[in-house]
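Containing mmCIF, C-alpha atoms and all ligand atoms: query_10.cif.
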```
data_input
loop_
_atom_site.label_atom_id
_atom_site.label_comp_id
_atom_site.auth_asym_id
_atom_site.auth_seq_id
_atom_site.Cartn_x
_atom_site.Cartn_y
_atom_site.Cartn_z
CA MET A 1 0.00 0.00 0.00
CA ASN A 2 1.45 3.30 -1.05
CA ARG A 3 0.60 6.01 1.50
CA GLY A 4 1.83 8.80 -0.83
CA ALA A 5 -0.74 7.87 -3.52
CA PHE A 6 -3.51 7.82 -0.94
CA GLN A 7 -2.46 11.18 0.47
CA ARG A 8 -2.26 12.71 -3.01
CA GLU A 9 -5.74 11.39 -3.80
CA VAL A 10 -7.17 12.88 -0.58
CA LEU A 11 -5.28 16.12 -1.14
CA ARG A 12 -6.70 16.41 -4.64
CA ILE A 13 -10.28 15.94 -3.39
CA VAL A 14 -9.69 18.41 -0.57
CA VAL A 15 -8.07 21.05 -2.88
CA ILE A 16 -10.84 20.84 -5.51
CA THR A 17 -13.61 20.83 -2.89
CA VAL A 18 -12.07 23.70 -0.89
CA GLY A 19 -11.43 25.58 -4.19
CA GLY A 20 -15.13 25.18 -5.06
CA LEU A 21 -16.16 26.27 -1.57
CA ALA A 22 -13.87 29.37 -1.73
CA ALA A 23 -15.17 30.33 -5.20
CA GLY A 24 -18.77 29.89 -4.02
CA TRP A 25 -18.01 31.88 -0.91
CA SER A 26 -16.65 34.78 -2.91
CA MET A 27 -19.89 34.79 -4.91
CA ASP A 28 -21.98 34.41 -1.77
CA TYR A 29 -23.02 30.87 -2.67
CA PRO A 30 -20.75 28.76 -0.43
CA LEU A 31 -23.04 25.68 -0.54
CA TYR A 32 -23.22 25.69 -4.35
CA GLY A 33 -19.47 26.25 -4.45
CA LEU A 34 -18.95 23.22 -2.13
CA LEU A 35 -21.28 21.05 -4.22
CA ALA A 36 -19.56 22.18 -7.45
CA GLY A 37 -16.12 21.36 -5.91
CA LEU A 38 -17.34 17.88 -4.83
CA ALA A 39 -18.86 17.25 -8.28
CA VAL A 40 -15.65 18.25 -10.08
CA SER A 41 -13.49 16.07 -7.86
CA HIS A 42 -15.93 13.18 -8.37
CA LEU A 43 -15.89 13.73 -12.13
CA PHE A 44 -12.11 13.68 -12.01
CA SER A 45 -12.12 10.32 -10.19
CA LEU A 46 -14.76 8.99 -12.61
CA ARG A 47 -12.61 9.96 -15.58
CA ASN A 48 -9.66 8.06 -14.08
CA ALA A 49 -11.84 5.05 -13.25
CA ASN A 50 -13.18 5.02 -16.82
CA ALA A 51 -9.65 5.22 -18.22
CA PHE A 52 -8.69 2.29 -15.96
CA TYR A 53 -11.75 0.32 -17.06
CA ARG A 54 -10.97 0.85 -20.75
CA TRP A 55 -7.32 0.01 -20.22
CA SER A 56 -8.30 -3.23 -18.47
CA PHE A 57 -10.06 -4.26 -21.70
CA ARG A 58 -7.09 -3.10 -23.76
CA THR A 59 -9.30 -0.46 -25.48
CA GLY A 60 -7.41 2.55 -24.16
CA PRO A 61 -4.02 3.66 -22.83
CA ALA A 62 -3.04 3.14 -19.20
CA PRO A 63 -4.40 5.96 -16.99
CA GLN A 64 -1.75 8.60 -16.25
CA ASP A 65 -2.55 9.60 -12.72
CA SER A 66 -0.57 10.37 -9.60
CA GLY A 67 -3.37 9.11 -7.30
CA LEU A 68 -4.64 5.71 -6.34
CA ILE A 69 -5.76 4.67 -9.84
CA GLY A 70 -2.41 5.56 -11.36
CA TYR A 71 -0.54 3.75 -8.64
CA GLY A 72 -2.85 0.70 -8.89
CA THR A 73 -2.37 0.62 -12.69
CA ASP A 74 1.38 0.70 -12.20
CA ARG A 75 1.22 -2.23 -9.79
CA VAL A 76 -0.96 -4.27 -12.19
CA ILE A 77 1.45 -3.57 -15.08
CA ARG A 78 4.40 -4.68 -12.98
CA ARG A 79 2.65 -7.83 -11.74
CA GLU A 80 1.55 -8.68 -15.27
CA LYS A 81 5.15 -8.38 -16.42
CA THR A 82 6.38 -10.70 -13.66
CA LEU A 83 3.64 -13.23 -14.45
CA LYS A 84 4.44 -13.03 -18.16
CA ASN A 85 8.11 -13.75 -17.44
CA ARG A 86 7.16 -16.59 -15.16
CA LEU A 87 4.84 -18.06 -17.78
CA LEU A 88 7.52 -17.70 -20.40
CA ASN A 89 9.99 -19.58 -18.18
CA GLN A 90 7.39 -22.29 -17.51
CA ALA A 91 6.69 -22.59 -21.23
CA LYS A 92 10.42 -22.90 -21.92
CA LEU A 93 10.70 -25.57 -19.21
CA LEU A 94 7.72 -27.44 -20.63
CA GLN A 95 9.24 -27.22 -24.08
CA ARG A 96 12.50 -28.62 -22.74
CA TYR A 97 10.62 -31.52 -21.05
CA ASN A 98 8.74 -32.19 -24.26
CA GLN A 99 11.99 -32.12 -26.22
CA GLY A 100 13.48 -34.56 -23.69
CA ILE A 101 10.49 -36.91 -23.98
CA GLU A 102 10.57 -36.53 -27.75
CA SER A 103 14.25 -37.44 -27.93
CA LEU A 104 13.75 -40.67 -25.94
CA GLN A 105 14.36 -43.90 -27.81
CA ASP A 106 11.45 -45.43 -25.93
CA GLY A 107 7.85 -44.57 -26.62
CA VAL A 108 6.03 -42.51 -24.00
CA ILE A 109 2.25 -42.22 -23.82
CA ILE A 110 0.48 -40.19 -21.15
CA LEU A 111 -3.07 -41.27 -20.33
CA ASN A 112 -5.76 -39.48 -18.36
CA GLU A 113 -7.89 -41.02 -15.59
CA GLU A 114 -10.20 -42.77 -18.06
CA GLY A 115 -7.35 -44.18 -20.14
CA HIS A 116 -7.66 -41.67 -22.99
CA ILE A 117 -4.43 -40.51 -24.60
CA ASN A 118 -3.27 -37.04 -23.50
CA THR A 119 -0.02 -36.97 -25.40
CA PHE A 120 2.66 -39.24 -26.88
CA ASN A 121 6.14 -38.92 -28.35
CA GLY A 122 7.52 -39.76 -31.77
CA ALA A 123 8.93 -43.17 -30.74
CA ALA A 124 5.47 -44.25 -29.53
CA ALA A 125 3.93 -42.93 -32.75
CA ARG A 126 6.40 -44.90 -34.89
CA VAL A 127 6.14 -48.22 -33.15
CA LEU A 128 2.38 -48.12 -32.50
CA ARG A 129 1.50 -46.20 -35.68
CA LEU A 130 -0.23 -43.40 -33.75
CA ARG A 131 -1.33 -40.19 -35.46
CA GLN A 132 -1.79 -36.76 -33.93
CA ASP A 133 -5.58 -37.06 -34.18
CA ASP A 134 -5.43 -40.17 -31.96
CA VAL A 135 -5.05 -37.83 -28.97
CA GLY A 136 -8.23 -38.19 -26.90
CA GLN A 137 -8.87 -41.78 -28.03
CA HIS A 138 -8.92 -44.64 -25.52
CA VAL A 139 -5.61 -46.51 -25.50
CA LYS A 140 -7.40 -49.87 -25.92
CA ASN A 141 -8.86 -48.66 -29.22
CA LEU A 142 -5.36 -48.07 -30.53
CA ILE A 143 -3.45 -51.03 -29.06
CA ARG A 144 -5.85 -53.85 -29.74
CA ALA A 145 -3.56 -56.85 -29.08
CA PRO A 146 -5.59 -59.18 -26.79
CA GLN A 147 -2.64 -59.55 -24.40
CA PHE A 148 -2.46 -55.78 -23.93
CA VAL A 149 -6.22 -55.43 -23.46
CA ARG A 150 -6.17 -58.20 -20.81
CA PHE A 151 -3.15 -56.59 -19.10
CA TYR A 152 -4.80 -53.15 -19.08
CA ASP A 153 -8.15 -54.44 -17.81
CA LYS A 154 -6.49 -56.44 -15.04
CA GLY A 155 -4.92 -53.22 -13.75
CA ASP A 156 -1.92 -54.92 -12.13
CA PHE A 157 1.02 -52.92 -13.46
CA SER A 158 3.70 -54.23 -11.06
CA GLU A 159 5.38 -56.15 -13.90
CA PRO A 160 5.91 -55.01 -17.50
CA LEU A 161 4.05 -56.74 -20.32
CA GLN A 162 5.89 -58.24 -23.29
CA PHE A 163 3.87 -59.02 -26.39
CA GLU A 164 4.10 -59.20 -30.15
CA LEU A 165 2.54 -56.55 -32.34
CA ARG A 166 2.95 -56.78 -36.11
CA ASN A 167 6.71 -57.36 -36.62
CA TYR A 168 7.72 -56.01 -33.25
CA VAL A 169 8.18 -57.48 -29.80
CA LEU A 170 7.16 -54.72 -27.40
CA GLN A 171 7.55 -54.29 -23.69
CA ILE A 172 5.09 -51.99 -21.98
CA GLN A 173 5.60 -50.64 -18.48
CA VAL A 174 2.77 -48.65 -16.91
CA THR A 175 3.35 -46.23 -14.03
CA GLU A 176 0.49 -44.47 -12.27
CA PHE A 177 0.82 -40.91 -11.02
CA GLY A 178 -1.39 -38.10 -9.73
CA LEU A 179 -5.07 -38.98 -9.64
CA ASP A 180 -5.12 -42.23 -11.60
CA GLN A 181 -3.18 -40.84 -14.56
CA LYS A 182 -0.75 -43.16 -16.24
CA ILE A 183 2.54 -43.01 -18.11
CA MET A 184 3.12 -45.88 -20.49
CA LEU A 185 6.70 -46.63 -21.52
CA VAL A 186 6.80 -48.60 -24.75
CA ARG A 187 10.10 -50.31 -25.46
CA ASN A 188 10.92 -52.06 -28.69
CA VAL A 189 12.69 -55.26 -27.57
CA THR A 190 12.52 -57.06 -30.91
CA GLU A 191 16.31 -57.30 -31.22
CA ARG A 192 16.80 -58.36 -27.60
CA LYS A 193 14.16 -61.06 -28.03
CA ARG A 194 15.82 -62.26 -31.26
CA VAL A 195 19.18 -62.65 -29.47
CA GLU A 196 17.47 -64.39 -26.56
CA VAL A 197 15.74 -66.83 -28.92
CA MET A 198 19.08 -67.43 -30.67
CA ARG A 199 20.69 -68.24 -27.32
CA GLN A 200 17.85 -70.58 -26.38
CA ASN A 201 17.99 -72.32 -29.75
CA PHE A 202 21.75 -72.67 -29.53
CA ILE A 203 21.56 -74.32 -26.10
CA ALA A 204 18.71 -76.57 -27.23
CA ASP A 205 20.60 -77.57 -30.43
CA VAL A 206 23.87 -78.28 -28.60
CA SER A 207 22.03 -80.33 -25.99
CA HIS A 208 20.25 -82.35 -28.67
CA GLU A 209 23.54 -82.91 -30.52
CA LEU A 210 25.17 -84.15 -27.30
CA ARG A 211 22.43 -86.67 -26.70
CA THR A 212 23.46 -89.07 -29.49
CA PRO A 213 27.16 -89.45 -28.56
CA LEU A 214 26.15 -89.77 -24.92
CA THR A 215 23.72 -92.56 -25.72
CA VAL A 216 26.51 -94.40 -27.58
CA ILE A 217 28.96 -93.95 -24.70
CA ASN A 218 26.34 -95.06 -22.16
CA GLY A 219 25.54 -98.09 -24.30
CA TYR A 220 29.18 -99.22 -24.41
CA LEU A 221 29.57 -98.60 -20.68
CA GLU A 222 26.48 -100.78 -20.05
CA MET A 223 28.03 -103.44 -22.24
CA PHE A 224 31.28 -103.39 -20.26
CA ASN A 225 29.20 -103.68 -17.10
CA ASP A 226 28.27 -107.24 -18.03
CA MET A 227 31.84 -108.16 -18.99
CA GLU A 228 34.86 -109.05 -16.97
CA VAL A 229 37.15 -106.03 -16.88
CA PRO A 230 40.74 -105.97 -15.59
CA THR A 231 40.80 -104.94 -11.88
CA PRO A 232 42.66 -101.59 -12.40
CA MET A 233 39.89 -100.63 -14.80
CA VAL A 234 36.98 -101.25 -12.41
CA ARG A 235 37.29 -97.91 -10.63
CA ALA A 236 37.76 -96.01 -13.87
CA MET A 237 34.71 -97.71 -15.39
CA LYS A 238 32.64 -96.81 -12.34
CA GLN A 239 33.68 -93.17 -12.58
CA MET A 240 33.05 -93.06 -16.30
CA LYS A 241 29.56 -94.43 -15.73
CA SER A 242 28.67 -91.94 -13.00
CA GLN A 243 30.07 -88.99 -14.97
CA SER A 244 28.27 -89.99 -18.15
CA GLU A 245 25.02 -90.31 -16.15
CA ARG A 246 25.65 -86.84 -14.76
CA MET A 247 26.16 -85.48 -18.21
CA THR A 248 22.97 -87.16 -19.44
CA ASN A 249 21.06 -85.51 -16.58
CA LEU A 250 22.63 -82.16 -17.41
CA VAL A 251 21.74 -82.44 -21.10
CA ASN A 252 18.17 -83.52 -20.28
CA ASP A 253 17.74 -80.63 -17.83
CA LEU A 254 19.16 -78.15 -20.36
CA ILE A 255 16.67 -79.36 -22.97
CA GLU A 256 13.82 -79.13 -20.45
CA LEU A 257 14.82 -75.63 -19.35
CA SER A 258 15.06 -74.30 -22.91
CA LYS A 259 11.66 -75.82 -23.70
CA LEU A 260 10.19 -74.05 -20.66
CA GLU A 261 11.80 -70.75 -21.61
CA SER A 262 10.47 -70.81 -25.13
CA ALA A 263 7.00 -72.13 -24.26
CA SER A 264 4.27 -69.75 -25.37
CA SER A 265 2.09 -68.33 -22.62
CA GLU A 266 -0.85 -68.67 -25.02
CA ARG A 267 -0.75 -72.50 -25.10
CA SER A 268 -3.94 -74.26 -24.18
CA ARG A 269 -4.04 -75.48 -20.59
CA GLU A 270 -4.95 -78.89 -19.28
CA LEU A 271 -7.13 -79.83 -16.37
CA PHE A 272 -5.51 -82.18 -13.84
CA SER A 273 -5.65 -83.18 -10.21
CA LEU A 274 -2.81 -81.73 -8.14
CA SER A 275 -3.41 -84.24 -5.40
CA GLY A 276 -3.35 -87.12 -7.90
CA LEU A 277 -0.13 -85.82 -9.44
CA CYS A 278 1.54 -85.58 -6.00
CA GLN A 279 0.63 -89.22 -5.35
CA GLN A 280 1.95 -90.27 -8.76
CA VAL A 281 5.32 -88.51 -8.22
CA ILE A 282 5.58 -89.94 -4.69
CA GLY A 283 5.16 -93.39 -6.25
CA GLU A 284 7.89 -92.63 -8.77
CA MET A 285 10.33 -91.72 -5.99
CA LYS A 286 10.89 -95.46 -5.41
CA GLY A 287 12.65 -95.48 -8.77
CA PHE A 288 14.89 -92.64 -7.57
CA SER A 289 15.72 -94.26 -4.24
CA GLU A 290 14.40 -97.53 -2.91
CA THR A 291 15.03 -96.45 0.64
CA ALA A 292 13.31 -93.03 0.37
CA LYS A 293 10.52 -92.42 2.91
CA VAL A 294 7.87 -90.02 1.67
CA HIS A 295 5.04 -88.98 4.01
CA PHE A 296 2.01 -87.49 2.29
CA LYS A 297 -0.65 -85.31 3.94
CA PRO A 298 -3.51 -84.57 1.52
CA VAL A 299 -6.73 -82.68 2.38
CA ASP A 300 -9.37 -85.42 2.86
CA ASN A 301 -10.31 -86.69 -0.56
CA THR A 302 -9.92 -83.34 -2.29
CA LYS A 303 -8.52 -83.76 -5.77
CA PHE A 304 -7.65 -80.11 -6.34
CA MET A 305 -8.42 -79.94 -10.03
CA ILE A 306 -6.33 -77.15 -11.54
CA GLU A 307 -5.80 -75.65 -14.96
CA GLY A 308 -2.15 -75.75 -16.03
CA PHE A 309 0.52 -77.84 -17.66
CA GLU A 310 0.69 -81.29 -16.15
CA ALA A 311 4.14 -82.26 -17.45
CA GLU A 312 5.63 -79.04 -16.05
CA MET A 313 3.97 -79.53 -12.66
CA HIS A 314 5.25 -83.13 -12.70
CA SER A 315 8.75 -81.75 -13.18
CA VAL A 316 8.31 -79.25 -10.31
CA LEU A 317 7.22 -81.96 -7.88
CA THR A 318 9.91 -84.40 -9.06
CA ASN A 319 12.70 -81.83 -8.68
CA LEU A 320 11.57 -80.70 -5.22
CA MET A 321 11.06 -84.24 -3.93
CA THR A 322 14.36 -85.59 -5.30
CA ASN A 323 16.17 -82.57 -3.81
CA GLY A 324 14.53 -83.24 -0.44
CA ILE A 325 15.66 -86.87 -0.61
CA LYS A 326 19.16 -85.97 -1.90
CA TYR A 327 19.91 -83.17 0.52
CA GLY A 328 17.70 -84.15 3.47
CA SER A 329 18.63 -86.63 6.17
CA ASN A 330 17.62 -90.32 6.19
CA GLU A 331 16.04 -89.82 2.73
CA GLU A 332 12.86 -88.78 4.54
CA ILE A 333 10.53 -86.05 3.26
CA PHE A 334 7.07 -84.70 4.11
CA VAL A 335 4.75 -83.66 1.30
CA SER A 336 1.57 -81.80 2.23
CA LEU A 337 -1.35 -80.02 0.60
CA SER A 338 -3.34 -77.27 2.27
CA THR A 339 -5.62 -74.39 1.33
CA SER A 340 -5.60 -70.71 2.21
CA ASP A 341 -7.04 -67.44 0.87
CA ARG A 342 -4.21 -67.39 -1.65
CA GLY A 343 -4.97 -70.82 -3.11
CA ILE A 344 -3.65 -74.38 -2.82
CA LYS A 345 -0.33 -74.72 -1.06
CA VAL A 346 2.06 -77.58 -1.78
CA SER A 347 4.95 -78.04 0.69
CA ILE A 348 7.90 -80.37 0.53
CA LYS A 349 9.81 -80.50 3.77
CA ASP A 350 12.99 -82.29 4.76
CA LYS A 351 14.97 -82.60 7.96
CA GLY A 352 18.35 -82.06 6.36
CA PRO A 353 21.18 -79.68 7.33
CA GLY A 354 19.27 -76.67 5.93
CA ILE A 355 20.58 -73.84 3.77
CA PRO A 356 22.42 -70.73 5.08
CA PRO A 357 20.15 -67.65 4.60
CA GLN A 358 22.55 -65.80 2.27
CA HIS A 359 22.02 -68.49 -0.40
CA LEU A 360 18.21 -68.61 -0.35
CA THR A 361 17.53 -65.86 -2.89
CA ARG A 362 20.04 -67.28 -5.37
CA LEU A 363 19.05 -70.95 -5.35
CA THR A 364 16.88 -70.69 -8.47
CA GLU A 365 19.76 -69.30 -10.56
CA ARG A 366 21.17 -71.69 -13.13
CA PHE A 367 24.08 -73.79 -11.80
CA TYR A 368 23.96 -72.15 -8.38
CA ARG A 369 25.10 -74.50 -5.68
CA VAL A 370 25.48 -73.99 -1.95
CA ASP A 371 28.42 -76.32 -1.54
CA GLU A 372 30.12 -77.16 -4.82
CA SER A 373 32.08 -80.20 -3.64
CA ARG A 374 29.19 -81.81 -1.76
CA GLU A 375 26.72 -81.27 -4.57
CA SER A 376 29.09 -82.72 -7.17
CA ALA A 377 29.11 -85.89 -5.10
CA VAL A 378 25.29 -85.88 -4.98
CA GLY A 379 25.27 -85.53 -8.75
CA GLY A 380 22.77 -82.75 -9.44
CA SER A 381 22.84 -80.66 -12.60
CA GLY A 382 22.36 -77.35 -10.79
CA LEU A 383 19.37 -76.64 -13.02
CA GLY A 384 16.59 -78.30 -11.00
CA LEU A 385 15.37 -75.19 -9.15
CA ALA A 386 15.71 -73.00 -12.28
CA ILE A 387 13.33 -75.45 -13.98
CA VAL A 388 11.00 -75.29 -10.96
CA LYS A 389 10.99 -71.48 -11.05
CA HIS A 390 10.10 -71.31 -14.73
CA ALA A 391 7.43 -73.99 -14.54
CA LEU A 392 5.81 -72.28 -11.54
CA GLU A 393 5.78 -68.95 -13.40
CA HIS A 394 3.63 -70.66 -16.02
CA HIS A 395 1.18 -71.41 -13.20
CA ASP A 396 1.21 -67.83 -11.83
CA SER A 397 3.07 -69.12 -8.82
CA GLU A 398 6.51 -68.80 -7.27
CA LEU A 399 8.82 -70.87 -5.13
CA GLU A 400 9.02 -70.02 -1.43
CA ILE A 401 11.95 -71.39 0.56
CA GLU A 402 12.21 -71.55 4.31
CA SER A 403 15.23 -73.12 5.92
CA ILE A 404 16.59 -73.40 9.43
CA GLN A 405 20.19 -74.52 9.63
CA GLY A 406 20.48 -77.85 11.37
CA LYS A 407 16.71 -78.44 11.21
CA GLY A 408 15.84 -78.70 7.55
CA SER A 409 14.18 -76.88 4.64
CA THR A 410 10.68 -76.40 3.32
CA PHE A 411 10.12 -75.68 -0.35
CA SER A 412 6.56 -74.60 -1.09
CA PHE A 413 4.39 -72.86 -3.65
CA VAL A 414 0.80 -71.68 -3.86
CA ILE A 415 -1.36 -72.24 -6.93
CA PRO A 416 -3.71 -69.22 -7.05
CA SER A 417 -7.40 -69.96 -6.39
CA LEU A 418 -8.34 -68.77 -9.89
CA ARG A 419 -6.63 -71.81 -11.36
CA ASN A 420 -8.43 -74.14 -8.98
CA ILE A 421 -11.36 -75.23 -11.11
CA ASP A 422 -13.00 -77.73 -8.81
CA LYS A 423 -12.11 -78.52 -5.23
CA VAL A 424 -13.94 -81.83 -5.03
P1 LIG B 501 20.85 -79.67 -8.25
O1 LIG B 501 20.34 -80.26 -9.50
O2 LIG B 501 22.33 -79.51 -8.19
O3 LIG B 501 20.27 -80.29 -7.04
P2 LIG B 501 19.06 -77.51 -7.88
O4 LIG B 501 18.86 -76.35 -8.77
O5 LIG B 501 17.95 -78.47 -7.76
O6 LIG B 501 20.39 -78.16 -8.33
O7 LIG B 501 19.41 -76.96 -6.45
C1 LIG B 501 20.34 -75.91 -6.32
C2 LIG B 501 21.08 -76.02 -5.02
O8 LIG B 501 20.17 -75.77 -3.95
C3 LIG B 501 21.59 -77.39 -4.72
O9 LIG B 501 22.86 -77.56 -5.33
C4 LIG B 501 21.67 -77.39 -3.21
O10 LIG B 501 22.85 -76.73 -2.80
C5 LIG B 501 20.51 -76.51 -2.80
N1 LIG B 501 19.32 -77.29 -2.37
C6 LIG B 501 18.25 -77.57 -3.14
N2 LIG B 501 17.34 -78.27 -2.42
C7 LIG B 501 17.84 -78.41 -1.18
C8 LIG B 501 17.37 -79.00 0.03
N3 LIG B 501 16.20 -79.62 0.11
N4 LIG B 501 18.18 -78.91 1.12
C9 LIG B 501 19.36 -78.30 1.07
N5 LIG B 501 19.87 -77.71 -0.04
C10 LIG B 501 19.13 -77.76 -1.15
#
```
Rewrite the structure from the file as structure tokens, please.
Ligand code: ADP
Amino acid sequence: MNRGAFQREVLRIVVITVGGLAAGWSMDYPLYGLLAGLAVSHLFSLRNANAFYRWSFRTGPAPQDSGLIGYGTDRVIRREKTLKNRLLNQAKLLQRYNQGIESLQDGVIILNEEGHINTFNGAAARVLRLRQDDVGQHVKNLIRAPQFVRFYDKGDFSEPLQFELRNYVLQIQVTEFGLDQKIMLVRNVTERKRVEVMRQNFIADVSHELRTPLTVINGYLEMFNDMEVPTPMVRAMKQMKSQSERMTNLVNDLIELSKLESASSERSRELFSLSGLCQQVIGEMKGFSETAKVHFKPVDNTKFMIEGFEAEMHSVLTNLMTNGIKYGSNEEIFVSLSTSDRGIKVSIKDKGPGIPPQHLTRLTERFYRVDESRESAVGGSGLGLAIVKHALEHHDSELEIESIQGKGSTFSFVIPSLRNIDKV
């Protein structure tokens, strides 16, 4: 507040009014003089107010006045200038952000609360063939791949989605911000996927190629088994046999793992009984070890019919049970089924030496072993739990490991209720 402007304004009113009064007085009409002075000063203020009004609509120049109106106009002009500068800076900043987003190799799409497109960059336009007039359209009208529509409708954006669209393999990551608005990052991973497929094919091809010579070697070793061999050779023959069996296991596991990695998530699922499969695998454990003791705790007569891939689930149960027998004590394991809000839980428990906690998160890595020398003696391929992890992913499930050193380990997984078709 400028006191000077206020004082000048008051002074002006007083001077004009007193002037009018004095003039009226000298003519013997002091009241008329006072009224005339008041009217003139009011007219003066009205003229300034009118000038201000016209200026505010940009239809006239800014009022030139030393009083309140002039001072107020000055303040508005100054504030307008500051705001203009601020807006200009914001616009420049926005432009820089837009340039940054535009220069990204990855596609960026910004969606509003309802899923309509607010804006997108050039990379998104190229890979998804978007046009400027697609702004305002719903994203599902523009990306119609069924996998994307299912992913979007499900609303669980914790993991990115990878899917094929025309000749591209795309990865979409959705991040929510503000009030339900979304940023979609679209990455073209076609080349990465091609290299990955090449790697998988290479491993699968090499493994297949190794199978034939291994079968021949195993055949000859079997033949020597029935023959008399010189005593110094007995130990060597034994070692050759165990190593060639190890290699056969390794090759078989490699083939199984590459099949799991390349399996399409769109394959049709089968309906099978989880309880029945557990019983079948428990029966097969006799072939693995005649002395193995497997205790089974089902839930009454519940079959637990689930939708999935029976051969893969068979592999999961076989790997977990053979591990329990191999690494547990007395070849004794406890297999149990139970239900919870999350779904059907399968647990395989042993009373072995357990696993130190620092290893637990790494066990499902390929060829990861807790104790290299001990495990070589046991003869595992180091791929069993990697196979389990992949196969469980295909059933929307994951491996949970609990282990207490000296007391044993429990490997479990939960098949989500959605896959449980019929509990009877
Ligand atoms: P392998 O074929 O060598 O058994 P896995 O991938 O099945 O390989 O297991 C990885 C490692 O996890 C094993 O080498 C072993 O060290 C550890 N492991 C797996 N199951 C158990 C278990 N029940 N008890 C203790 N250690 C285990």
Atom CA of A:Ala236 and atom CA of A:Leu383 are how many Å apart?
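Atom CA of A:Leu383 lies at a distance of 26.7 Å from atom CA of A:Ala236.
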For each of A:Ser207, A:Thr302, A:Gln279, A:Gln405, take the minimum atom-to-atom distance to A:Gly328, counting all atoms listed in the file, then give the residue where this is smallest.
A:Gln405
For A:Lys389, which of A:Ser66, A:Ser275, A:Thr364, A:Gln243 is the closest residue, counting only C-alpha atoms?
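Smallest separation from A:Lys389 among the options: A:Thr364.
Using all atoms listed in the file, the residues found no farther than 10 Å from A:Glu196, other than those of its own chain fewer than 6 positions away, are Thr190, Phe202, Glu261 and Ser262 of chain A.
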Taking (3.9, -83.0, 3.7) as a centre in this file's frame and 6 Å as the limit, can you find every polymer residue with an atom that close, using only C-alpha atoms, and give them as a list of chain:residue names?
A:Phe296, A:Lys297, A:Phe334, A:Val335, A:Ser336, A:Ser347, A:Ile348
When you look at A:Leu274 with a cut-off of 12 Å (counting only C-alpha atoms), what residues show up, excluding the ones that are within fewer than 3 positions of it in the same chain? I need them as a PDB file with C-alpha atoms, in the frame of the given file.
```pdb
ATOM      1  CA  GLU A 270      -4.950 -78.890 -19.280  1.00  0.00           C
ATOM      2  CA  LEU A 271      -7.130 -79.830 -16.370  1.00  0.00           C
ATOM      3  CA  LEU A 277      -0.130 -85.820  -9.440  1.00  0.00           C
ATOM      4  CA  CYS A 278       1.540 -85.580  -6.000  1.00  0.00           C
ATOM      5  CA  GLN A 279       0.630 -89.220  -5.350  1.00  0.00           C
ATOM      6  CA  GLN A 280       1.950 -90.270  -8.760  1.00  0.00           C
ATOM      7  CA  VAL A 281       5.320 -88.510  -8.220  1.00  0.00           C
ATOM      8  CA  PRO A 298      -3.510 -84.570   1.520  1.00  0.00           C
ATOM      9  CA  VAL A 299      -6.730 -82.680   2.380  1.00  0.00           C
ATOM     10  CA  ASN A 301     -10.310 -86.690  -0.560  1.00  0.00           C
ATOM     11  CA  THR A 302      -9.920 -83.340  -2.290  1.00  0.00           C
ATOM     12  CA  LYS A 303      -8.520 -83.760  -5.770  1.00  0.00           C
ATOM     13  CA  PHE A 304      -7.650 -80.110  -6.340  1.00  0.00           C
ATOM     14  CA  MET A 305      -8.420 -79.940 -10.030  1.00  0.00           C
ATOM     15  CA  ILE A 306      -6.330 -77.150 -11.540  1.00  0.00           C
ATOM     16  CA  GLU A 307      -5.800 -75.650 -14.960  1.00  0.00           C
ATOM     17  CA  GLY A 308      -2.150 -75.750 -16.030  1.00  0.00           C
ATOM     18  CA  PHE A 309       0.520 -77.840 -17.660  1.00  0.00           C
ATOM     19  CA  GLU A 310       0.690 -81.290 -16.150  1.00  0.00           C
ATOM     20  CA  ALA A 311       4.140 -82.260 -17.450  1.00  0.00           C
ATOM     21  CA  GLU A 312       5.630 -79.040 -16.050  1.00  0.00           C
ATOM     22  CA  MET A 313       3.970 -79.530 -12.660  1.00  0.00           C
ATOM     23  CA  HIS A 314       5.250 -83.130 -12.700  1.00  0.00           C
ATOM     24  CA  VAL A 316       8.310 -79.250 -10.310  1.00  0.00           C
ATOM     25  CA  LEU A 317       7.220 -81.960  -7.880  1.00  0.00           C
ATOM     26  CA  SER A 336       1.570 -81.800   2.230  1.00  0.00           C
ATOM     27  CA  LEU A 337      -1.350 -80.020   0.600  1.00  0.00           C
ATOM     28  CA  SER A 338      -3.340 -77.270   2.270  1.00  0.00           C
ATOM     29  CA  ILE A 344      -3.650 -74.380  -2.820  1.00  0.00           C
ATOM     30  CA  LYS A 345      -0.330 -74.720  -1.060  1.00  0.00           C
ATOM     31  CA  VAL A 346       2.060 -77.580  -1.780  1.00  0.00           C
ATOM     32  CA  VAL A 414       0.800 -71.680  -3.860  1.00  0.00           C
ATOM     33  CA  ILE A 415      -1.360 -72.240  -6.930  1.00  0.00           C
ATOM     34  CA  ARG A 419      -6.630 -71.810 -11.360  1.00  0.00           C
ATOM     35  CA  ASN A 420      -8.430 -74.140  -8.980  1.00  0.00           C
ATOM     36  CA  ILE A 421     -11.360 -75.230 -11.110  1.00  0.00           C
ATOM     37  CA  ASP A 422     -13.000 -77.730  -8.810  1.00  0.00           C
ATOM     38  CA  LYS A 423     -12.110 -78.520  -5.230  1.00  0.00           C
ATOM     39  CA  VAL A 424     -13.940 -81.830  -5.030  1.00  0.00           C
TER      40      VAL A 424
END
```
Please identify all polymer residues within 7 Å of A:Arg342, counting all atoms listed in the file, omitting same-chain residues fewer than 2 positions from it, and present them as a JSON list (two decimals) with C-alpha atoms, keeping the file's coordinate frame.
```json
[["chain", "number", "residue", "atom", "x", "y", "z"],
["A", 340, "SER", "CA", -5.60, -70.71, 2.21],
["A", 414, "VAL", "CA", 0.80, -71.68, -3.86],
["A", 416, "PRO", "CA", -3.71, -69.22, -7.05],
["A", 417, "SER", "CA", -7.40, -69.96, -6.39]]
```
